[in-house]
$ cat my_file28.csv   # CSV, C-alpha atoms
chain,number,residue,atom,x,y,z
E,1,MET,CA,142.6,-31.3,42.3
E,2,PRO,CA,144.5,-28.0,42.3
E,3,ARG,CA,145.8,-26.8,39.0
E,4,SER,CA,149.4,-25.8,38.3
E,5,ASN,CA,149.7,-22.0,38.5
E,6,THR,CA,153.1,-21.6,36.9
E,7,ASN,CA,151.7,-21.0,33.4
E,8,ILE,CA,148.9,-18.6,34.2
E,9,PRO,CA,149.5,-15.5,32.2
E,10,VAL,CA,149.3,-11.9,33.6
E,11,ARG,CA,147.3,-9.5,31.4
E,12,ASP,CA,148.4,-6.0,30.6
E,13,ASP,CA,145.8,-4.7,33.0
E,14,GLY,CA,147.4,-6.7,35.8
E,15,LEU,CA,144.9,-9.5,36.1
E,16,GLN,CA,146.4,-13.0,36.3
E,17,ILE,CA,143.8,-15.3,34.9
E,18,ASN,CA,143.6,-18.4,32.7
E,19,ASP,CA,140.7,-17.2,30.5
E,20,ASP,CA,140.5,-18.3,26.9
E,21,ARG,CA,137.9,-16.2,25.0
E,22,ARG,CA,138.4,-18.2,21.8
E,23,PHE,CA,137.6,-21.5,23.6
E,24,GLN,CA,134.7,-19.8,25.5
E,25,ASN,CA,133.2,-18.5,22.2
E,26,ARG,CA,133.3,-21.9,20.7
E,27,PHE,CA,131.8,-23.4,23.8
E,28,TRP,CA,129.0,-20.9,23.7
E,29,ILE,CA,128.2,-22.0,20.2
E,30,ALA,CA,128.3,-25.6,21.3
E,31,GLU,CA,125.9,-24.7,24.1
E,32,ARG,CA,123.5,-23.1,21.7
E,33,VAL,CA,123.7,-26.2,19.4
E,34,ALA,CA,123.0,-28.4,22.5
E,35,TRP,CA,120.0,-26.3,23.4
E,36,ILE,CA,118.6,-26.8,19.9
E,37,THR,CA,119.3,-30.5,20.2
E,38,PHE,CA,117.5,-30.5,23.6
E,39,GLY,CA,114.5,-29.0,21.8
E,40,LEU,CA,114.6,-31.6,19.0
E,41,ILE,CA,114.8,-34.4,21.6
E,42,ILE,CA,111.7,-32.9,23.3
E,43,LEU,CA,109.9,-32.8,20.0
E,44,ALA,CA,111.0,-36.4,19.3
E,45,ALA,CA,109.8,-37.5,22.7
E,46,LEU,CA,106.4,-35.8,22.1
E,47,ALA,CA,106.2,-37.6,18.7
E,48,GLY,CA,106.8,-40.9,20.5
E,49,LEU,CA,110.4,-41.6,19.3
E,50,THR,CA,111.5,-42.2,22.8
E,51,GLY,CA,108.6,-44.5,23.6
E,52,ASN,CA,106.1,-44.2,26.5
E,53,GLY,CA,103.2,-43.0,24.3
E,54,GLY,CA,103.0,-40.6,21.3
E,55,PRO,CA,101.9,-41.3,17.8
E,56,LEU,CA,105.2,-42.8,16.6
E,57,ALA,CA,105.6,-45.1,19.6
E,58,GLN,CA,102.7,-47.2,18.6
E,59,GLY,CA,102.6,-49.5,15.6
E,60,HIS,CA,99.5,-50.9,13.9
E,61,ARG,CA,99.2,-54.0,11.8
E,62,ALA,CA,96.1,-55.8,10.5
E,63,ALA,CA,95.6,-59.1,8.7
E,64,ASP,CA,92.7,-61.6,8.3
E,65,GLY,CA,90.3,-59.3,10.3
E,66,VAL,CA,92.7,-59.1,13.2
E,67,SER,CA,94.3,-55.8,14.0
E,68,VAL,CA,97.1,-55.2,16.5
E,69,SER,CA,98.3,-52.1,18.2
E,70,TYR,CA,101.8,-52.8,19.6
E,71,PRO,CA,104.6,-50.8,21.0
E,72,ALA,CA,106.9,-50.0,18.1
E,73,ILE,CA,109.2,-48.1,20.4
E,74,ALA,CA,109.3,-49.3,24.0
E,75,ARG,CA,111.6,-48.8,27.0
E,76,TRP,CA,113.5,-51.5,28.8
E,77,ARG,CA,111.7,-52.7,31.9
E,78,ALA,CA,108.9,-50.2,31.4
E,79,GLU,CA,105.4,-51.6,31.1
E,80,ASP,CA,103.7,-51.2,27.7
E,81,GLU,CA,100.5,-52.3,26.1
E,82,LEU,CA,99.6,-54.6,23.2
E,83,VAL,CA,96.0,-54.5,22.0
E,84,ILE,CA,94.6,-57.2,19.7
E,85,ARG,CA,91.2,-56.7,18.1
E,86,LEU,CA,89.5,-59.9,17.0
E,87,PRO,CA,86.6,-60.4,14.6
E,88,GLN,CA,83.3,-61.7,16.0
E,89,GLY,CA,83.1,-65.4,15.6
E,90,ALA,CA,81.6,-68.6,17.0
E,91,GLU,CA,84.9,-70.4,17.4
E,92,GLU,CA,87.3,-70.4,20.3
E,93,ARG,CA,89.8,-67.5,20.0
E,94,VAL,CA,93.5,-68.3,20.2
E,95,LEU,CA,96.4,-65.9,20.4
E,96,GLN,CA,99.8,-67.4,19.8
E,97,PHE,CA,103.2,-65.6,20.0
E,98,ASP,CA,106.5,-67.2,18.9
E,99,THR,CA,109.5,-67.9,21.1
E,100,ARG,CA,111.2,-64.6,20.2
E,101,PHE,CA,108.3,-62.8,21.9
E,102,ARG,CA,108.6,-65.1,24.9
E,103,HIS,CA,112.3,-64.4,25.2
E,104,ALA,CA,111.9,-60.6,24.7
E,105,PHE,CA,109.0,-59.7,26.9
E,106,ASP,CA,107.5,-60.5,30.3
E,107,VAL,CA,103.7,-60.7,30.1
E,108,ILE,CA,102.4,-58.9,33.2
E,109,ALA,CA,98.7,-59.2,32.6
E,110,VAL,CA,96.2,-60.3,30.0
E,111,SER,CA,92.7,-58.7,30.0
E,112,PRO,CA,90.2,-60.2,29.8
E,113,ALA,CA,91.5,-63.2,31.6
E,114,PRO,CA,92.0,-66.1,29.2
E,115,VAL,CA,90.5,-69.6,29.7
E,116,ALA,CA,94.0,-71.0,29.4
E,117,GLY,CA,97.5,-69.7,29.0
E,118,GLU,CA,100.2,-72.1,27.9
E,119,ALA,CA,103.9,-72.0,27.4
E,120,LEU,CA,104.7,-74.1,24.3
E,121,PRO,CA,108.0,-75.2,22.8
E,122,ASP,CA,107.5,-72.7,20.1
E,123,GLY,CA,106.0,-69.8,22.0
E,124,LEU,CA,103.1,-68.7,24.2
E,125,ARG,CA,99.4,-69.4,23.6
E,126,TRP,CA,96.2,-68.0,25.2
E,127,ARG,CA,92.7,-69.3,24.7
E,128,PHE,CA,89.6,-67.3,25.0
E,129,PRO,CA,86.0,-68.5,25.1
E,130,ALA,CA,84.0,-68.9,21.9
E,131,GLY,CA,80.7,-67.3,21.0
E,132,ALA,CA,79.1,-64.2,22.5
E,133,ASP,CA,81.3,-64.5,25.6
E,134,GLY,CA,84.4,-64.3,23.5
E,135,PRO,CA,86.3,-61.0,23.6
E,136,THR,CA,86.7,-58.8,20.6
E,137,GLU,CA,89.6,-57.0,22.2
E,138,VAL,CA,92.4,-58.4,24.2
E,139,ARG,CA,94.8,-56.1,26.1
E,140,MET,CA,98.2,-57.4,27.2
E,141,ALA,CA,100.5,-55.6,29.6
E,142,ILE,CA,104.1,-56.4,28.5
E,143,GLU,CA,107.5,-55.5,29.8
E,144,PRO,CA,110.7,-55.7,27.6
E,145,ARG,CA,113.4,-57.8,29.1
E,146,ARG,CA,116.3,-56.3,27.3
E,147,PRO,CA,117.2,-53.4,25.0
E,148,GLY,CA,117.5,-53.8,21.3
E,149,ARG,CA,115.3,-54.5,18.3
E,150,VAL,CA,112.9,-57.4,18.7
E,151,ALA,CA,111.0,-59.0,15.9
E,152,TYR,CA,108.2,-61.5,16.7
E,153,THR,CA,105.1,-63.0,15.2
E,154,LEU,CA,101.5,-63.1,16.4
E,155,ARG,CA,99.3,-65.8,15.1
E,156,VAL,CA,95.5,-65.9,15.5
E,157,PRO,CA,94.4,-69.2,14.0
E,158,PRO,CA,93.3,-69.9,11.3
E,159,GLY,CA,95.0,-66.8,10.0
E,160,ASP,CA,98.6,-66.3,9.0
E,161,GLY,CA,101.1,-64.8,11.3
E,162,ILE,CA,101.4,-61.1,11.7
E,163,ASP,CA,105.0,-60.0,11.9
E,164,LEU,CA,105.7,-57.3,14.5
E,165,TRP,CA,108.8,-55.6,15.8
E,166,THR,CA,109.6,-53.4,18.7
E,167,LEU,CA,112.6,-51.2,19.3
E,168,VAL,CA,113.4,-51.4,23.0
E,169,LEU,CA,115.3,-48.3,24.2
E,170,PRO,CA,117.8,-48.7,27.1
K,1,MET,CA,127.5,-55.6,35.8
K,2,GLU,CA,124.4,-53.7,35.0
K,3,SER,CA,124.8,-51.4,38.0
K,4,VAL,CA,128.3,-50.3,36.8
K,5,LEU,CA,127.1,-49.6,33.3
K,6,ARG,CA,124.0,-47.8,34.5
K,7,ALA,CA,125.9,-45.6,37.0
K,8,THR,CA,128.5,-44.8,34.3
K,9,ALA,CA,125.9,-43.9,31.7
K,10,VAL,CA,123.9,-41.7,34.2
K,11,PHE,CA,127.1,-40.0,35.3
K,12,VAL,CA,128.2,-39.2,31.8
K,13,MET,CA,124.8,-38.1,30.7
K,14,LEU,CA,124.3,-35.8,33.7
K,15,LEU,CA,127.8,-34.4,33.1
K,16,ILE,CA,127.1,-33.6,29.4
K,17,VAL,CA,123.6,-32.2,30.0
K,18,LEU,CA,124.5,-30.1,33.0
K,19,ARG,CA,127.7,-28.7,31.3
K,20,LEU,CA,125.8,-27.9,28.1
K,21,ALA,CA,122.9,-26.4,29.9
K,22,GLY,CA,125.3,-23.6,31.0
K,23,ARG,CA,127.1,-22.7,34.1
K,24,ARG,CA,124.7,-19.9,35.1
K,25,THR,CA,122.1,-22.6,35.7
K,26,MET,CA,124.4,-24.1,38.3
K,27,SER,CA,125.3,-20.9,40.1
K,28,GLU,CA,122.2,-18.7,40.4
K,29,MET,CA,120.0,-20.7,42.7
K,30,THR,CA,116.5,-19.4,42.2
K,31,PRO,CA,113.5,-21.2,43.7
K,32,PHE,CA,112.9,-22.7,40.2
K,33,ASP,CA,116.5,-24.0,40.1
K,34,PHE,CA,115.9,-25.6,43.5
K,35,VAL,CA,112.8,-27.4,42.3
K,36,LEU,CA,114.7,-28.5,39.1
K,37,LEU,CA,117.5,-29.8,41.3
K,38,LEU,CA,115.1,-31.8,43.4
K,39,ILE,CA,113.4,-33.3,40.3
K,40,ILE,CA,116.8,-34.2,38.7
K,41,ALA,CA,117.9,-35.8,42.0
K,42,GLU,CA,114.8,-37.9,42.1
K,43,THR,CA,114.9,-39.0,38.5
K,44,THR,CA,118.6,-39.7,38.7
K,45,GLN,CA,118.0,-41.9,41.8
K,46,GLN,CA,115.5,-44.0,39.9
K,47,ALA,CA,117.7,-44.3,36.9
K,48,LEU,CA,120.7,-45.2,39.0
K,49,LEU,CA,119.1,-47.8,41.3
K,50,SER,CA,116.4,-49.0,38.9
K,51,ASP,CA,114.1,-51.4,40.7
K,52,ASP,CA,116.9,-52.8,42.9
K,53,PRO,CA,117.0,-51.1,46.3
K,54,SER,CA,119.5,-53.5,47.8
K,55,ILE,CA,122.5,-52.2,49.8
K,56,THR,CA,124.8,-54.1,47.4
K,57,ASN,CA,123.5,-52.1,44.5
K,58,PHE,CA,123.8,-48.9,46.4
K,59,LEU,CA,127.4,-49.8,47.3
K,60,VAL,CA,128.4,-50.6,43.7
K,61,VAL,CA,126.7,-47.5,42.3
K,62,MET,CA,128.3,-45.2,45.0
K,63,ILE,CA,131.8,-46.7,44.4
K,64,VAL,CA,131.4,-46.4,40.6
K,65,LEU,CA,130.4,-42.7,41.0
K,66,PHE,CA,133.3,-41.8,43.3
K,67,THR,CA,135.8,-43.7,41.2
K,68,LEU,CA,134.6,-41.9,38.0
K,69,ASP,CA,135.0,-38.6,39.9
K,70,VAL,CA,138.6,-39.5,40.9
K,71,VAL,CA,139.5,-40.8,37.4
K,72,LEU,CA,138.0,-37.7,35.8
K,73,SER,CA,140.1,-35.4,38.1
K,74,TYR,CA,143.3,-37.2,36.9
K,75,VAL,CA,142.2,-37.0,33.3
K,76,LYS,CA,141.6,-33.3,33.7
K,77,ARG,CA,145.0,-32.8,35.2
K,78,LEU,CA,146.7,-34.7,32.4
K,79,ALA,CA,144.7,-33.2,29.6
K,80,PRO,CA,144.1,-29.4,30.0
K,81,PHE,CA,141.7,-29.3,27.0
K,82,ILE,CA,139.4,-31.9,28.7
K,83,ASP,CA,139.7,-29.8,31.9
K,84,ARG,CA,138.5,-26.7,30.0
K,85,VAL,CA,135.7,-28.6,28.3
K,86,LEU,CA,134.5,-30.2,31.5
K,87,ASP,CA,135.0,-27.3,34.0
K,88,GLY,CA,135.0,-24.3,31.7
K,89,VAL,CA,137.2,-21.2,31.8
K,90,PRO,CA,136.7,-18.0,33.6
K,91,THR,CA,135.1,-15.2,31.6
K,92,ILE,CA,135.9,-11.5,32.2
K,93,LEU,CA,132.7,-9.5,32.1
K,94,VAL,CA,133.8,-6.1,33.3
K,95,VAL,CA,137.2,-4.4,32.8
K,96,ASP,CA,137.8,-1.0,34.4
K,97,SER,CA,134.1,-0.5,35.0
K,98,GLU,CA,133.4,-1.2,31.3
K,99,PRO,CA,131.0,-4.2,30.9
K,100,ASP,CA,131.6,-6.6,28.0
K,101,LEU,CA,128.0,-6.7,26.9
K,102,GLU,CA,128.5,-9.5,24.3
K,103,ALA,CA,130.2,-11.8,26.9
K,104,MET,CA,127.5,-11.0,29.4
K,105,ARG,CA,124.7,-11.7,26.9
K,106,LYS,CA,126.2,-15.0,25.9
K,107,ALA,CA,126.9,-16.0,29.5
K,108,ARG,CA,123.4,-14.9,30.5
K,109,VAL,CA,124.7,-12.6,33.2
K,110,GLY,CA,123.1,-9.1,33.6
K,111,ILE,CA,124.5,-5.9,35.0
K,112,ASP,CA,122.1,-6.5,37.9
K,113,ASP,CA,123.9,-9.8,38.7
K,114,VAL,CA,127.3,-8.1,38.7
K,115,LEU,CA,126.0,-5.2,40.9
K,116,THR,CA,124.4,-7.7,43.3
K,117,ALA,CA,127.7,-9.6,43.6
K,118,ALA,CA,129.5,-6.3,44.1
K,119,ARG,CA,127.2,-5.3,46.9
K,120,GLN,CA,127.2,-8.6,48.6
K,121,THR,CA,131.0,-9.3,48.4
K,122,HIS,CA,132.5,-5.8,48.7
K,123,GLY,CA,129.7,-3.4,49.6
K,124,LEU,CA,130.2,-1.5,46.4
K,125,ALA,CA,127.4,0.8,45.3
K,126,ARG,CA,128.1,1.5,41.6
K,127,LEU,CA,129.5,0.0,38.5
K,128,ASP,CA,132.3,2.6,38.3
K,129,GLN,CA,133.7,1.1,41.6
K,130,ILE,CA,134.3,-2.3,39.9
K,131,ARG,CA,137.7,-2.9,38.3
K,132,PHE,CA,137.1,-6.5,37.2
K,133,ALA,CA,134.0,-8.7,37.3
K,134,ILE,CA,134.8,-12.3,36.4
K,135,LEU,CA,132.4,-15.2,35.9
K,136,GLU,CA,134.4,-18.1,37.3
K,137,SER,CA,134.4,-21.6,35.9
K,138,ASP,CA,132.3,-22.7,38.9
K,139,GLY,CA,129.6,-20.2,38.0
K,140,LYS,CA,130.3,-17.7,40.8
K,141,LEU,CA,130.9,-14.0,40.1
K,142,SER,CA,134.1,-12.6,41.4
K,143,ILE,CA,134.4,-8.8,41.9
K,144,ILE,CA,137.6,-6.9,42.2
K,145,PRO,CA,137.1,-3.3,43.3
K,146,ARG,CA,139.0,-0.3,42.1

$ encode --input "my_file28.csv" --output "structure tokens"
Amino acid sequence: MPRSNTNIPVRDDGLQINDDRRFQNRFWIAERVAWITFGLIILAALAGLTGNGGPLAQGHRAADGVSVSYPAIARWRAEDELVIRLPQGAEERVLQFDTRFRHAFDVIAVSPAPVAGEALPDGLRWRFPAGADGPTEVRMAIEPRRPGRVAYTLRVPPGDGIDLWTLVLP
Amino acid sequence: MESVLRATAVFVMLLIVLRLAGRRTMSEMTPFDFVLLLIIAETTQQALLSDDPSITNFLVVMIVLFTLDVVLSYVKRLAPFIDRVLDGVPTILVVDSEPDLEAMRKARVGIDDVLTAARQTHGLARLDQIRFAILESDGKLSIIPR
């Protein structure tokens, strides 16, 4: 859209121009501040604060011999991994997440394949074989369904629930 | 709804980052800048369309982008300050063959750039043949000979 040219001043040296050095100086400062911010964002991304890997993107919790590595910071619709380490045992292993998990994530894959996977009124449950065939580590590929903070609980019977949360970035 | 929000967010973020990255980045097209442009175009496309390659999505995103552009042109016309923030103002780099070194340093323009523009646009051989050199708000160098 063409600008109005009626108010464009003519300088003493004859140049008619709409320059504004005061504004430009302030903008140059803003530019430099922005570059520093860009650098900080890159450092934050390397640290994992923007999800998709990095030390701070991953959370760790442990209780009753079960340890969980979960995405503390994830990205909306981007696949992430949840790793559950189980103690050796003779009994059947069961992993159970509450409904908040079911509403917040799509489970893309579970490895190794469970004997059974069930949707329950109060969540999701996977069963794994007992004894020497039973896994000591279960990896789940999950994908957040919506941005925001999601709190959920993993239960590995007979243990108590392990409270987890994930911040899903848009 | 998500397409509209997504396109608006991507448009605004691109506008802010490109503006704050500095206008020189947009004007001097080196091979590296060309690669940068290709990568930005590719990542922008993914952020805009997400995992929905439908024509409906493309249509909505395209209409949102063009509408934002039209709205922004009116906003800039009605509010000169926003116009200056978004488009910038020209910066005078050389007056009567005297370079403003501080302005050139801050604008990341060297004497070489000014001389190149002088040669290309007016066939000028030396700095003392330049009356004014102006870094325009679109990132181009204007040369006015003596």

$ residues_around --input "my_file28.csv" --residues "segment 73-88 of chain K" --least-positions-apart "5" --cutoff "12 Å" --atoms "all atoms listed in the file" --output "ChimeraX atom specification"
/E:1-4,7,18-28,30-31 /K:12,14-20,22-24,26,66-68,107,135-139

$ residues_around --input "my_file28.csv" --residues "Ser111 of chain E" --least-positions-apart "4" --cutoff "8 Å" --atoms "only C-alpha atoms" --output "list in words"
Val138, Arg139 and Met140 of chain E

$ closest_residue --input "my_file28.csv" --among "E:Tyr70, E:Trp35, E:Phe97, E:Phe128" --to "Pro114 of chain E" --atoms "only C-alpha atoms"
E:Phe128

$ atom_distance --input "my_file28.csv" --atom1 "atom CA of Leu49 of chain E" --atom2 "atom CA of Ala78 of chain E"
14.9 Å

$ residues_near_point --input "my_file28.csv" --point "(95.1, -56.9, 12.2)" --cutoff "10 Å" --atoms "all atoms listed in the file" --output "number ranges by chain"
E: 60-69, 84-87, 154, 156, 161-162

$ closest_residue --input "my_file28.csv" --among "K:Leu72, K:Asp128, K:Leu49, K:Thr121" --to "Ser97 of chain K" --atoms "only C-alpha atoms"
K:Asp128

$ residues_around --input "my_file28.csv" --residues "segment 110-120 of chain K" --least-positions-apart "4" --cutoff "7 Å" --atoms "all atoms listed in the file" --output "list in words"
Met104, Leu124, Ala125, Leu127, Ala133, Leu141 and Ile143 of chain K

$ atom_distance --input "my_file28.csv" --atom1 "atom CA of Pro9 of chain E" --atom2 "atom CA of Pro99 of chain K"
21.7 Å

$ atom_distance --input "my_file28.csv" --atom1 "atom CA of Lys106 of chain K" --atom2 "atom CA of Ala44 of chain E"
27.1 Å

$ closest_residue --input "my_file28.csv" --among "E:Ile17, E:Pro121, E:Ile8, E:Thr99" --to "chain K" --atoms "all atoms listed in the file"
E:Ile17

$ closest_residue --input "my_file28.csv" --among "K:Val4, K:Ala41, K:Met62, K:Ile134" --to "chain E" --atoms "all atoms listed in the file"
K:Ile134

$ residues_around --input "my_file28.csv" --residues "Gly14 of chain E" --least-positions-apart "2" --cutoff "12 Å" --atoms "all atoms listed in the file" --output "JSON list (two decimals) with C-alpha atoms, keeping the file's coordinate frame"
[["chain", "number", "residue", "atom", "x", "y", "z"],
["E", 9, "PRO", "CA", 149.50, -15.50, 32.20],
["E", 10, "VAL", "CA", 149.30, -11.90, 33.60],
["E", 11, "ARG", "CA", 147.30, -9.50, 31.40],
["E", 12, "ASP", "CA", 148.40, -6.00, 30.60],
["E", 16, "GLN", "CA", 146.40, -13.00, 36.30],
["E", 17, "ILE", "CA", 143.80, -15.30, 34.90],
["K", 95, "VAL", "CA", 137.20, -4.40, 32.80],
["K", 96, "ASP", "CA", 137.80, -1.00, 34.40],
["K", 131, "ARG", "CA", 137.70, -2.90, 38.30],
["K", 132, "PHE", "CA", 137.10, -6.50, 37.20],
["K", 144, "ILE", "CA", 137.60, -6.90, 42.20]]

$ closest_residue --input "my_file28.csv" --among "K:Ile130, K:Val64, K:Val70, K:Met1" --to "chain E" --atoms "all atoms listed in the file"
K:Val70

$ residues_around --input "my_file28.csv" --residues "Arg77 of chain E" --least-positions-apart "5" --cutoff "10 Å" --atoms "all atoms listed in the file" --output "list in words"
Phe105, Asp106, Ile142, Glu143, Pro144, Arg145, Arg146, Pro147, Val168, Leu169 and Pro170 of chain E; Ser50 and Asp51 of chain K

$ decode --input "my_file28.csv" --residues "segment 95-104 of chain K" --atoms "all heavy atoms" --output "short mmCIF file (atom, residue, chain, number, x, y, z; two decimals), in the first residue's frame"
data_model
loop_
_atom_site.label_atom_id
_atom_site.label_comp_id
_atom_site.auth_asym_id
_atom_site.auth_seq_id
_atom_site.Cartn_x
_atom_site.Cartn_y
_atom_site.Cartn_z
N VAL K 95 26.75 10.43 3.46
CA VAL K 95 26.31 11.78 3.09
C VAL K 95 27.52 12.52 2.57
O VAL K 95 28.54 12.62 3.27
CB VAL K 95 25.71 12.52 4.32
CG1 VAL K 95 25.33 13.96 3.93
CG2 VAL K 95 24.52 11.79 4.89
N ASP K 96 27.42 13.03 1.35
CA ASP K 96 28.52 13.76 0.71
C ASP K 96 29.83 12.97 0.80
O ASP K 96 30.87 13.51 1.25
CB ASP K 96 28.69 15.15 1.35
CG ASP K 96 27.57 16.09 0.93
OD1 ASP K 96 27.04 15.91 -0.20
OD2 ASP K 96 27.18 16.95 1.73
N SER K 97 29.75 11.73 0.43
CA SER K 97 30.91 10.82 0.39
C SER K 97 31.48 10.45 1.76
O SER K 97 32.48 9.76 1.85
CB SER K 97 32.06 11.41 -0.47
OG SER K 97 31.59 11.80 -1.71
N GLU K 98 30.84 10.94 2.83
CA GLU K 98 31.32 10.63 4.18
C GLU K 98 30.49 9.48 4.75
O GLU K 98 29.30 9.65 5.01
CB GLU K 98 31.16 11.86 5.09
CG GLU K 98 32.26 12.90 4.93
CD GLU K 98 33.64 12.37 5.26
OE1 GLU K 98 33.77 11.64 6.27
OE2 GLU K 98 34.58 12.64 4.49
N PRO K 99 31.10 8.33 4.96
CA PRO K 99 30.32 7.22 5.51
C PRO K 99 30.01 7.41 7.00
O PRO K 99 30.86 7.90 7.75
CB PRO K 99 31.23 6.01 5.29
CG PRO K 99 32.60 6.54 5.10
CD PRO K 99 32.49 7.95 4.64
N ASP K 100 28.80 7.07 7.38
CA ASP K 100 28.41 7.06 8.80
C ASP K 100 28.78 5.67 9.32
O ASP K 100 28.00 4.71 9.21
CB ASP K 100 26.91 7.33 8.92
CG ASP K 100 26.46 7.39 10.37
OD1 ASP K 100 27.17 6.86 11.24
OD2 ASP K 100 25.36 7.94 10.62
N LEU K 101 29.97 5.57 9.88
CA LEU K 101 30.51 4.25 10.22
C LEU K 101 29.70 3.54 11.31
O LEU K 101 29.56 2.32 11.28
CB LEU K 101 31.98 4.38 10.65
CG LEU K 101 32.92 4.86 9.53
CD1 LEU K 101 34.33 5.07 10.05
CD2 LEU K 101 32.94 3.86 8.38
N GLU K 102 29.17 4.34 12.25
CA GLU K 102 28.39 3.72 13.33
C GLU K 102 27.11 3.10 12.77
O GLU K 102 26.76 1.96 13.09
CB GLU K 102 28.06 4.75 14.40
CG GLU K 102 27.57 4.09 15.68
CD GLU K 102 26.79 5.04 16.56
OE1 GLU K 102 26.86 6.25 16.35
OE2 GLU K 102 26.09 4.53 17.47
N ALA K 103 26.44 3.85 11.89
CA ALA K 103 25.20 3.33 11.28
C ALA K 103 25.51 2.10 10.43
O ALA K 103 24.76 1.12 10.44
CB ALA K 103 24.55 4.42 10.44
N MET K 104 26.64 2.16 9.73
CA MET K 104 26.99 1.02 8.87
C MET K 104 27.30 -0.23 9.69
O MET K 104 26.93 -1.34 9.33
CB MET K 104 28.19 1.39 7.98
CG MET K 104 27.83 2.46 6.95
SD MET K 104 29.22 2.99 5.96
CE MET K 104 29.33 1.70 4.78
#
